file protein.txt (compact mmCIF, C-alpha atoms and all ligand atoms)
# COMPACT_ATOMS: atom_id res chain seq x y z
CA MET A 1 130.57 110.65 -23.70
CA THR A 2 127.94 108.19 -22.71
CA HIS A 3 128.08 106.18 -19.57
CA SER A 4 125.75 103.65 -18.05
CA SER A 5 125.30 103.77 -14.38
CA PRO A 6 122.58 102.44 -12.17
CA ALA A 7 122.38 105.53 -9.99
CA ALA A 8 121.30 108.92 -11.21
CA PRO A 9 124.46 110.88 -11.89
CA PRO A 10 125.28 113.65 -9.44
CA ALA A 11 125.24 117.25 -10.54
CA PRO A 12 128.10 117.88 -12.95
CA PRO A 13 131.08 119.69 -11.50
CA SER A 14 131.59 123.34 -12.28
CA GLY A 15 133.88 124.25 -15.17
CA ASP A 16 136.79 124.86 -12.80
CA ASP A 17 136.37 121.48 -11.13
CA ALA A 18 136.19 119.76 -14.50
CA ALA A 19 139.34 121.51 -15.74
CA ALA A 20 141.15 120.60 -12.54
CA ALA A 21 140.04 116.97 -12.86
CA VAL A 22 141.35 116.82 -16.44
CA LYS A 23 144.64 118.38 -15.33
CA ARG A 24 145.05 115.86 -12.51
CA ALA A 25 144.19 113.01 -14.85
CA LEU A 26 146.69 114.13 -17.51
CA ALA A 27 149.42 114.54 -14.87
CA TRP A 28 148.72 110.97 -13.84
CA THR A 29 148.70 109.49 -17.37
CA HIS A 30 151.92 111.41 -18.08
CA THR A 31 153.73 109.25 -15.50
CA ALA A 32 153.36 106.18 -17.75
CA ARG A 33 156.60 104.32 -18.41
CA PHE A 34 157.44 101.12 -20.23
CA LEU A 35 157.32 98.05 -18.02
CA THR A 36 157.63 94.97 -20.18
CA THR A 37 156.64 93.29 -23.40
CA ALA A 38 155.22 89.82 -23.91
CA SER A 39 154.55 87.74 -26.98
CA LYS A 40 152.29 85.35 -25.16
CA LEU A 41 150.07 85.39 -22.12
CA THR A 42 152.30 83.21 -20.00
CA GLU A 43 155.04 85.83 -20.34
CA LEU A 44 152.87 88.54 -18.81
CA PRO A 45 153.75 89.35 -15.20
CA VAL A 46 151.17 88.48 -12.61
CA SER A 47 150.06 91.79 -11.21
CA GLU A 48 147.71 93.09 -8.58
CA LEU A 49 147.51 96.46 -10.30
CA PRO A 50 144.35 97.24 -12.23
CA GLU A 51 145.15 96.81 -15.90
CA ILE A 52 143.56 98.93 -18.61
CA ALA A 53 143.84 97.29 -22.02
CA PHE A 54 143.78 99.25 -25.28
CA VAL A 55 142.25 97.02 -27.93
CA GLY A 56 141.01 97.48 -31.46
CA ARG A 57 141.59 96.68 -35.09
CA SER A 58 145.00 97.15 -36.52
CA ASN A 59 145.50 100.78 -37.48
CA ALA A 60 142.60 101.98 -35.32
CA GLY A 61 144.97 104.27 -33.44
CA LYS A 62 145.68 102.41 -30.18
CA SER A 63 149.37 103.24 -29.91
CA THR A 64 148.73 106.83 -30.98
CA ALA A 65 146.01 107.15 -28.35
CA ILE A 66 148.39 105.90 -25.65
CA ASN A 67 151.02 108.39 -26.77
CA VAL A 68 148.64 111.32 -26.79
CA LEU A 69 147.01 110.34 -23.49
CA THR A 70 150.42 110.04 -21.82
CA GLN A 71 151.77 113.09 -23.67
CA GLN A 72 154.79 111.11 -24.76
CA LYS A 73 155.65 111.03 -28.44
CA ARG A 74 157.05 107.55 -28.66
CA LEU A 75 155.96 105.60 -25.61
CA ALA A 76 153.90 103.19 -27.65
CA PHE A 77 155.07 102.48 -31.15
CA ALA A 78 152.61 104.04 -33.60
CA SER A 79 153.05 103.48 -37.31
CA LYS A 80 151.54 103.92 -40.73
CA THR A 81 152.24 100.22 -41.28
CA PRO A 82 149.31 98.25 -39.91
CA GLY A 83 150.25 95.38 -37.66
CA ARG A 84 153.10 97.32 -36.08
CA THR A 85 152.32 96.33 -32.52
CA GLN A 86 152.86 92.59 -32.35
CA HIS A 87 153.35 92.11 -28.64
CA ILE A 88 151.45 93.00 -25.54
CA ASN A 89 153.32 96.01 -24.19
CA LEU A 90 152.73 96.96 -20.57
CA PHE A 91 153.18 100.46 -19.17
CA GLU A 92 153.20 101.29 -15.49
CA VAL A 93 151.31 104.38 -14.34
CA GLY A 94 151.37 106.34 -11.09
CA PRO A 95 154.14 107.26 -8.63
CA LYS A 96 157.45 105.55 -9.42
CA LEU A 97 157.62 103.78 -6.09
CA ALA A 98 153.93 103.04 -5.91
CA PRO A 99 152.46 102.49 -9.38
CA ASP A 100 148.69 102.21 -9.26
CA ALA A 101 147.74 100.95 -12.73
CA LEU A 102 149.02 99.30 -15.87
CA PHE A 103 148.16 100.24 -19.43
CA ALA A 104 148.37 97.38 -21.93
CA ASP A 105 148.85 98.14 -25.64
CA LEU A 106 147.57 95.11 -27.49
CA PRO A 107 148.31 94.01 -31.03
CA GLY A 108 145.63 95.06 -33.45
CA TYR A 109 143.41 92.40 -34.94
CA GLY A 110 141.88 92.11 -38.36
CA TYR A 111 144.88 93.17 -40.40
CA ALA A 112 144.26 91.58 -43.77
CA ALA A 113 147.86 91.17 -44.91
CA VAL A 114 148.86 89.03 -41.96
CA GLU A 115 149.09 85.36 -42.79
CA ARG A 116 145.91 83.54 -41.79
CA SER A 117 147.52 81.25 -39.22
CA ALA A 118 149.25 84.19 -37.52
CA LYS A 119 145.98 86.08 -37.54
CA LEU A 120 144.13 83.24 -35.89
CA ARG A 121 146.87 82.77 -33.34
CA TRP A 122 146.62 86.41 -32.31
CA GLN A 123 142.89 86.30 -32.14
CA GLU A 124 143.22 83.39 -29.75
CA VAL A 125 145.74 85.23 -27.60
CA MET A 126 143.48 88.28 -27.52
CA ALA A 127 140.39 86.26 -26.74
CA GLU A 128 142.17 84.47 -23.92
CA TYR A 129 143.62 87.69 -22.58
CA LEU A 130 140.19 89.34 -22.52
CA ALA A 131 138.46 86.35 -21.02
CA VAL A 132 140.95 85.32 -18.33
CA ARG A 133 143.46 88.03 -17.41
CA ARG A 134 142.62 88.38 -13.73
CA SER A 135 143.94 91.88 -13.23
CA LEU A 136 142.08 93.22 -16.27
CA SER A 137 140.05 96.06 -14.85
CA ALA A 138 138.99 97.99 -17.91
CA ILE A 139 139.10 98.01 -21.67
CA VAL A 140 139.49 100.96 -23.97
CA VAL A 141 138.24 99.78 -27.33
CA LEU A 142 139.34 101.98 -30.20
CA VAL A 143 137.24 102.02 -33.31
CA ASP A 144 137.88 104.09 -36.42
CA ALA A 145 135.00 106.58 -36.39
CA ARG A 146 134.55 106.11 -40.14
CA LEU A 147 134.18 102.34 -39.84
CA GLY A 148 132.34 101.95 -36.58
CA PHE A 149 132.26 98.57 -34.85
CA THR A 150 133.04 95.82 -37.34
CA GLU A 151 132.30 92.13 -37.10
CA ILE A 152 135.70 91.32 -35.68
CA ASP A 153 135.39 94.03 -33.01
CA LEU A 154 132.13 92.47 -31.91
CA LYS A 155 133.61 89.00 -31.93
CA LEU A 156 136.48 90.07 -29.67
CA LEU A 157 134.20 92.10 -27.43
CA GLY A 158 132.06 89.00 -27.11
CA PHE A 159 134.84 87.32 -25.15
CA VAL A 160 134.67 89.95 -22.46
CA THR A 161 130.96 90.75 -22.57
CA PRO A 162 130.15 88.67 -19.46
CA ARG A 163 132.78 90.57 -17.46
CA ILE A 164 131.51 93.90 -18.80
CA ALA A 165 127.89 93.02 -18.14
CA ASN A 166 128.56 92.07 -14.51
CA GLY A 167 130.57 95.25 -13.93
CA SER A 168 133.90 93.55 -13.20
CA VAL A 169 135.48 95.05 -16.32
CA ARG A 170 134.72 98.60 -17.38
CA LEU A 171 134.55 99.71 -20.99
CA LEU A 172 135.37 102.97 -22.73
CA ALA A 173 134.79 103.06 -26.49
CA LEU A 174 136.65 105.76 -28.38
CA LEU A 175 135.72 106.61 -31.95
CA THR A 176 139.15 107.53 -33.25
CA LYS A 177 140.29 109.83 -36.04
CA ALA A 178 137.19 111.94 -35.41
CA ASP A 179 139.07 114.75 -37.18
CA LYS A 180 138.16 112.98 -40.44
CA LEU A 181 134.43 113.48 -39.82
CA ASN A 182 132.28 116.58 -39.69
CA ARG A 183 129.95 117.32 -36.83
CA ASN A 184 126.92 115.49 -38.30
CA GLU A 185 128.94 112.46 -39.29
CA THR A 186 130.43 112.31 -35.79
CA ALA A 187 126.98 112.47 -34.22
CA GLU A 188 125.80 109.68 -36.49
CA ALA A 189 128.88 107.54 -35.71
CA LEU A 190 128.26 108.06 -31.98
CA ARG A 191 124.62 107.10 -32.37
CA ARG A 192 125.46 103.89 -34.22
CA ALA A 193 128.20 102.92 -31.76
CA GLY A 194 125.81 103.66 -28.90
CA ASP A 195 123.31 101.22 -30.39
CA VAL A 196 125.96 98.50 -30.61
CA LEU A 197 127.15 99.10 -27.06
CA GLY A 198 123.60 98.96 -25.81
CA GLU A 199 123.90 95.22 -26.34
CA VAL A 200 126.62 94.83 -23.70
CA THR A 201 125.18 97.30 -21.27
CA SER A 202 123.35 96.26 -18.15
CA ALA A 203 122.47 97.85 -14.84
CA GLU A 204 125.85 96.77 -13.44
CA ALA A 205 127.92 97.69 -16.47
CA ASP A 206 130.11 100.78 -16.70
CA VAL A 207 130.25 101.58 -20.39
CA SER A 208 131.20 104.95 -21.86
CA LEU A 209 131.53 106.28 -25.37
CA ALA A 210 133.21 109.33 -26.88
CA ALA A 211 134.65 110.70 -30.08
CA PHE A 212 138.44 111.00 -30.00
CA SER A 213 141.15 112.53 -32.11
CA ALA A 214 144.87 112.46 -31.51
CA LEU A 215 145.17 115.16 -34.14
CA SER A 216 142.71 117.72 -32.79
CA ARG A 217 142.99 116.35 -29.25
CA ALA A 218 139.21 116.08 -29.08
CA GLY A 219 138.24 113.80 -26.23
CA VAL A 220 141.80 113.39 -24.94
CA GLY A 221 141.42 115.16 -21.59
CA ASP A 222 138.04 113.58 -20.99
CA ALA A 223 139.30 110.08 -21.78
CA ALA A 224 142.23 110.61 -19.39
CA ARG A 225 139.77 111.69 -16.76
CA VAL A 226 137.67 108.56 -17.14
CA LEU A 227 140.77 106.32 -16.79
CA HIS A 228 141.95 108.29 -13.78
CA GLU A 229 138.57 108.05 -12.09
CA TRP A 230 138.35 104.31 -12.75
CA VAL A 231 141.64 103.72 -10.98
CA HIS A 232 141.16 106.23 -8.20
CA ALA A 233 137.59 105.35 -7.33
CA ALA A 234 137.23 104.07 -3.78
CA ASP A 235 138.45 100.53 -4.52
CA GLY A 236 140.89 101.46 -7.24
CA GLY A 237 139.98 98.57 -9.46
CA ALA A 238 137.46 96.33 -11.04
CA SER A 239 134.67 94.31 -9.47
CA GLN A 240 132.84 97.26 -8.05
CA ALA A 241 129.87 99.18 -9.24
CA PRO A 242 130.54 101.83 -11.89
CA VAL A 243 132.29 105.01 -10.91
CA ALA A 244 128.93 106.60 -10.58
CA GLY A 245 130.25 109.45 -8.47
CA SER A 246 132.12 110.64 -11.48
CA ALA A 247 129.96 113.09 -13.29
CA LEU A 248 130.94 112.43 -16.84
CA PRO A 249 132.89 115.04 -18.68
CA PRO A 250 130.81 116.89 -21.24
CA GLY A 251 131.02 115.24 -24.64
CA MET A 252 131.14 111.81 -23.08
CA SER A 253 128.14 109.70 -22.48
CA HIS A 254 127.37 106.93 -20.07
CA LEU A 255 125.37 104.22 -21.77
N1 LIG B 1 143.95 111.68 -38.71
C1 LIG B 1 144.26 110.91 -37.66
N2 LIG B 1 145.13 109.88 -37.80
C2 LIG B 1 145.39 109.11 -36.71
C3 LIG B 1 144.79 109.35 -35.45
N3 LIG B 1 145.21 108.40 -34.58
C4 LIG B 1 146.06 107.60 -35.27
N4 LIG B 1 146.18 108.02 -36.55
C5 LIG B 1 147.03 107.41 -37.60
O1 LIG B 1 146.61 106.07 -37.82
C6 LIG B 1 147.73 105.21 -38.10
C7 LIG B 1 147.74 104.03 -37.16
O2 LIG B 1 147.94 104.46 -35.82
P1 LIG B 1 148.51 103.49 -34.68
O3 LIG B 1 148.37 104.22 -33.40
O4 LIG B 1 149.85 102.95 -35.03
O5 LIG B 1 147.43 102.29 -34.77
P2 LIG B 1 147.38 100.95 -33.90
O6 LIG B 1 145.93 100.74 -33.60
O7 LIG B 1 148.31 101.00 -32.74
O8 LIG B 1 147.85 99.87 -34.98
P3 LIG B 1 148.50 98.39 -34.74
O9 LIG B 1 149.66 98.56 -33.82
O10 LIG B 1 148.83 97.98 -36.12
O11 LIG B 1 147.43 97.56 -34.15
C8 LIG B 1 148.97 106.12 -37.96
O12 LIG B 1 149.35 106.55 -39.26
C9 LIG B 1 148.48 107.28 -37.13
O13 LIG B 1 149.18 108.48 -37.36
C10 LIG B 1 143.88 110.47 -35.34
O14 LIG B 1 143.28 110.76 -34.29
N5 LIG B 1 143.65 111.21 -36.47
MG MG B 2 149.87 99.78 -32.21
call {"tool": "encode", "arguments": {"input": "protein.txt", "output": "structure tokens"}}
result
Amino acid sequence: MTHSSPAAPPAPPSGDDAAAAVKRALAWTHTARFLTTASKLTELPVSELPEIAFVGRSNAGKSTAINVLTQQKRLAFASKTPGRTQHINLFEVGPKLAPDALFADLPGYGYAAVERSAKLRWQEVMAEYLAVRRSLSAIVVLVDARLGFTEIDLKLLGFVTPRIANGSVRLLALLTKADKLNRNETAEALRRAGDVLGEVTSAEADVSLAAFSALSRAGVGDAARVLHEWVHAADGGASQAPVAGSALPPGMSHL
């Protein structure tokens, strides 16, 4: 994974430490439970908890990623039919009596078969969510590794670029369905995505990139670890410098 951080990263943890960190992170993500669903922003609960939004084109694998990260088969509704997720679904994470984060599964954008007016309406909701949701602490953007960032991904990311660039919203880009690519193709996809993300990266930004597969589980433990470290860094939320103390898991890069 790639990660941008202003400070030189500390020495990576030993293998045992890394394995323990992944285990802790997966135990934490496993606590996720459904909280609520909203069809518009005004229906979303006001929350002080840091919110991590899963965004990406329809069919990119957002719901599947949430299920595999939380090790729950049907927490988020994944489907072969693009456009399945049509609401913002919120999941609470952490101890039952003291949740410490929310995961938000967002409707996919860019699904061609959706009527144009509905498509535009959702793009507006997404744009507004990304630009104004106060508790938004981080974004996991999921991009099909075979497609890379498309125009619409960049357009949506544009709405949150100022918050990413000033470090108040963190970004993890996952190149999904990496099982469909061979090693060279994956390296090339990571290189291209890294170039694109270079545009939103600044000294204050916390931007990471990794290949991911729900099928082979590549990148799953490491992605869980990044989310866990985001939330459990000293302040537990956004508006702080990157989680520089976190030596990145191997296979992930800070940009
Ligand atoms: N081979 C492979 N298929 C995957 C992977 N992740 C998701 N898929 C498949 O991709 C399709 C779409 O997955 P979803 O998780 O429903 O996608 P989504 O991004 O939530 O889609 P919307 O809700 O429509 O926005 C499903 O058929 C999944 O089984 C993966 O890592 N590898
Ligand atoms: Mg979905």
call {"tool": "closest_residue", "arguments": {"input": "protein.txt", "among": "A:Ala187, A:Val68, A:Ala193, A:Ala127", "to": "His30 of chain A", "atoms": "all atoms listed in the file"}}
result
A:Val68
call {"tool": "closest_residue", "arguments": {"input": "protein.txt", "among": "A:Ala178, A:Ala165, A:Ala233, A:Ala19", "to": "ligand LIG 1 (chain B)", "atoms": "all atoms listed in the file"}}
result
A:Ala178
call {"tool": "residues_around", "arguments": {"input": "protein.txt", "residues": "segment 214-225 of chain A", "least_positions_apart": "3", "cutoff": "10 Å", "atoms": "all atoms listed in the file", "output": "JSON, numbers by chain"}}
result
{"A": [1, 18, 19, 20, 21, 22, 23, 24, 25, 26, 27, 28, 29, 30, 61, 64, 65, 66, 67, 68, 69, 70, 140, 172, 173, 174, 175, 176, 177, 178, 179, 180, 208, 209, 210, 211, 228, 229, 230, 246, 248, 249, 250, 251, 252]}
call {"tool": "axis_aligned_box", "arguments": {"input": "protein.txt", "around": "segment 13-23 of chain A", "padding_each_side": "4 Å", "output": "JSON"}}
result
{"center_x": 137.9, "center_y": 120.8, "center_z": -13.8, "size_x": 21.6, "size_y": 16.0, "size_z": 13.3}
call {"tool": "closest_residue", "arguments": {"input": "protein.txt", "among": "A:Phe103, A:Trp122, A:Tyr109, A:Phe54", "to": "Thr150 of chain A", "atoms": "only C-alpha atoms"}}
result
A:Tyr109
call {"tool": "decode", "arguments": {"input": "protein.txt", "residues": "segment 144-160 of chain A", "atoms": "N, CA and C atoms", "output": "tab-separated table (two decimals), in the first residue's frame"}}
result
chain	number	residue	atom	x	y	z
A	144	ASP	N	-12.52	-0.69	-9.58
A	144	ASP	CA	-12.24	-1.97	-10.24
A	144	ASP	C	-10.82	-1.91	-10.80
A	145	ALA	N	-9.98	-2.85	-10.38
A	145	ALA	CA	-8.56	-2.82	-10.78
A	145	ALA	C	-8.40	-2.85	-12.29
A	146	ARG	N	-9.38	-3.43	-12.98
A	146	ARG	CA	-9.26	-3.51	-14.45
A	146	ARG	C	-9.61	-2.20	-15.12
A	147	LEU	N	-10.40	-1.38	-14.43
A	147	LEU	CA	-10.82	-0.10	-15.03
A	147	LEU	C	-9.96	1.07	-14.57
A	148	GLY	N	-9.48	0.99	-13.36
A	148	GLY	CA	-8.77	2.13	-12.78
A	148	GLY	C	-9.75	3.27	-12.51
A	149	PHE	N	-9.21	4.41	-12.13
A	149	PHE	CA	-10.05	5.58	-11.88
A	149	PHE	C	-10.68	6.04	-13.19
A	150	THR	N	-11.99	6.20	-13.20
A	150	THR	CA	-12.66	6.70	-14.39
A	150	THR	C	-13.04	8.16	-14.15
A	151	GLU	N	-13.54	8.77	-15.20
A	151	GLU	CA	-13.88	10.19	-15.14
A	151	GLU	C	-14.83	10.49	-13.98
A	152	ILE	N	-15.82	9.63	-13.82
A	152	ILE	CA	-16.81	9.91	-12.77
A	152	ILE	C	-16.22	9.73	-11.36
A	153	ASP	N	-15.27	8.80	-11.21
A	153	ASP	CA	-14.58	8.68	-9.92
A	153	ASP	C	-13.86	9.99	-9.61
A	154	LEU	N	-13.22	10.53	-10.60
A	154	LEU	CA	-12.43	11.75	-10.39
A	154	LEU	C	-13.34	12.93	-10.09
A	155	LYS	N	-14.49	12.93	-10.76
A	155	LYS	CA	-15.44	14.01	-10.53
A	155	LYS	C	-15.93	13.98	-9.08
A	156	LEU	N	-16.30	12.80	-8.62
A	156	LEU	CA	-16.78	12.67	-7.24
A	156	LEU	C	-15.67	12.97	-6.24
A	157	LEU	N	-14.48	12.45	-6.53
A	157	LEU	CA	-13.35	12.71	-5.62
A	157	LEU	C	-13.06	14.21	-5.54
A	158	GLY	N	-13.33	14.88	-6.65
A	158	GLY	CA	-13.10	16.33	-6.69
A	158	GLY	C	-13.85	17.07	-5.59
A	159	PHE	N	-15.04	16.55	-5.25
A	159	PHE	CA	-15.83	17.22	-4.22
A	159	PHE	C	-15.20	17.14	-2.83
A	160	VAL	N	-14.33	16.18	-2.65
A	160	VAL	CA	-13.75	16.00	-1.32
A	160	VAL	C	-12.24	16.28	-1.33
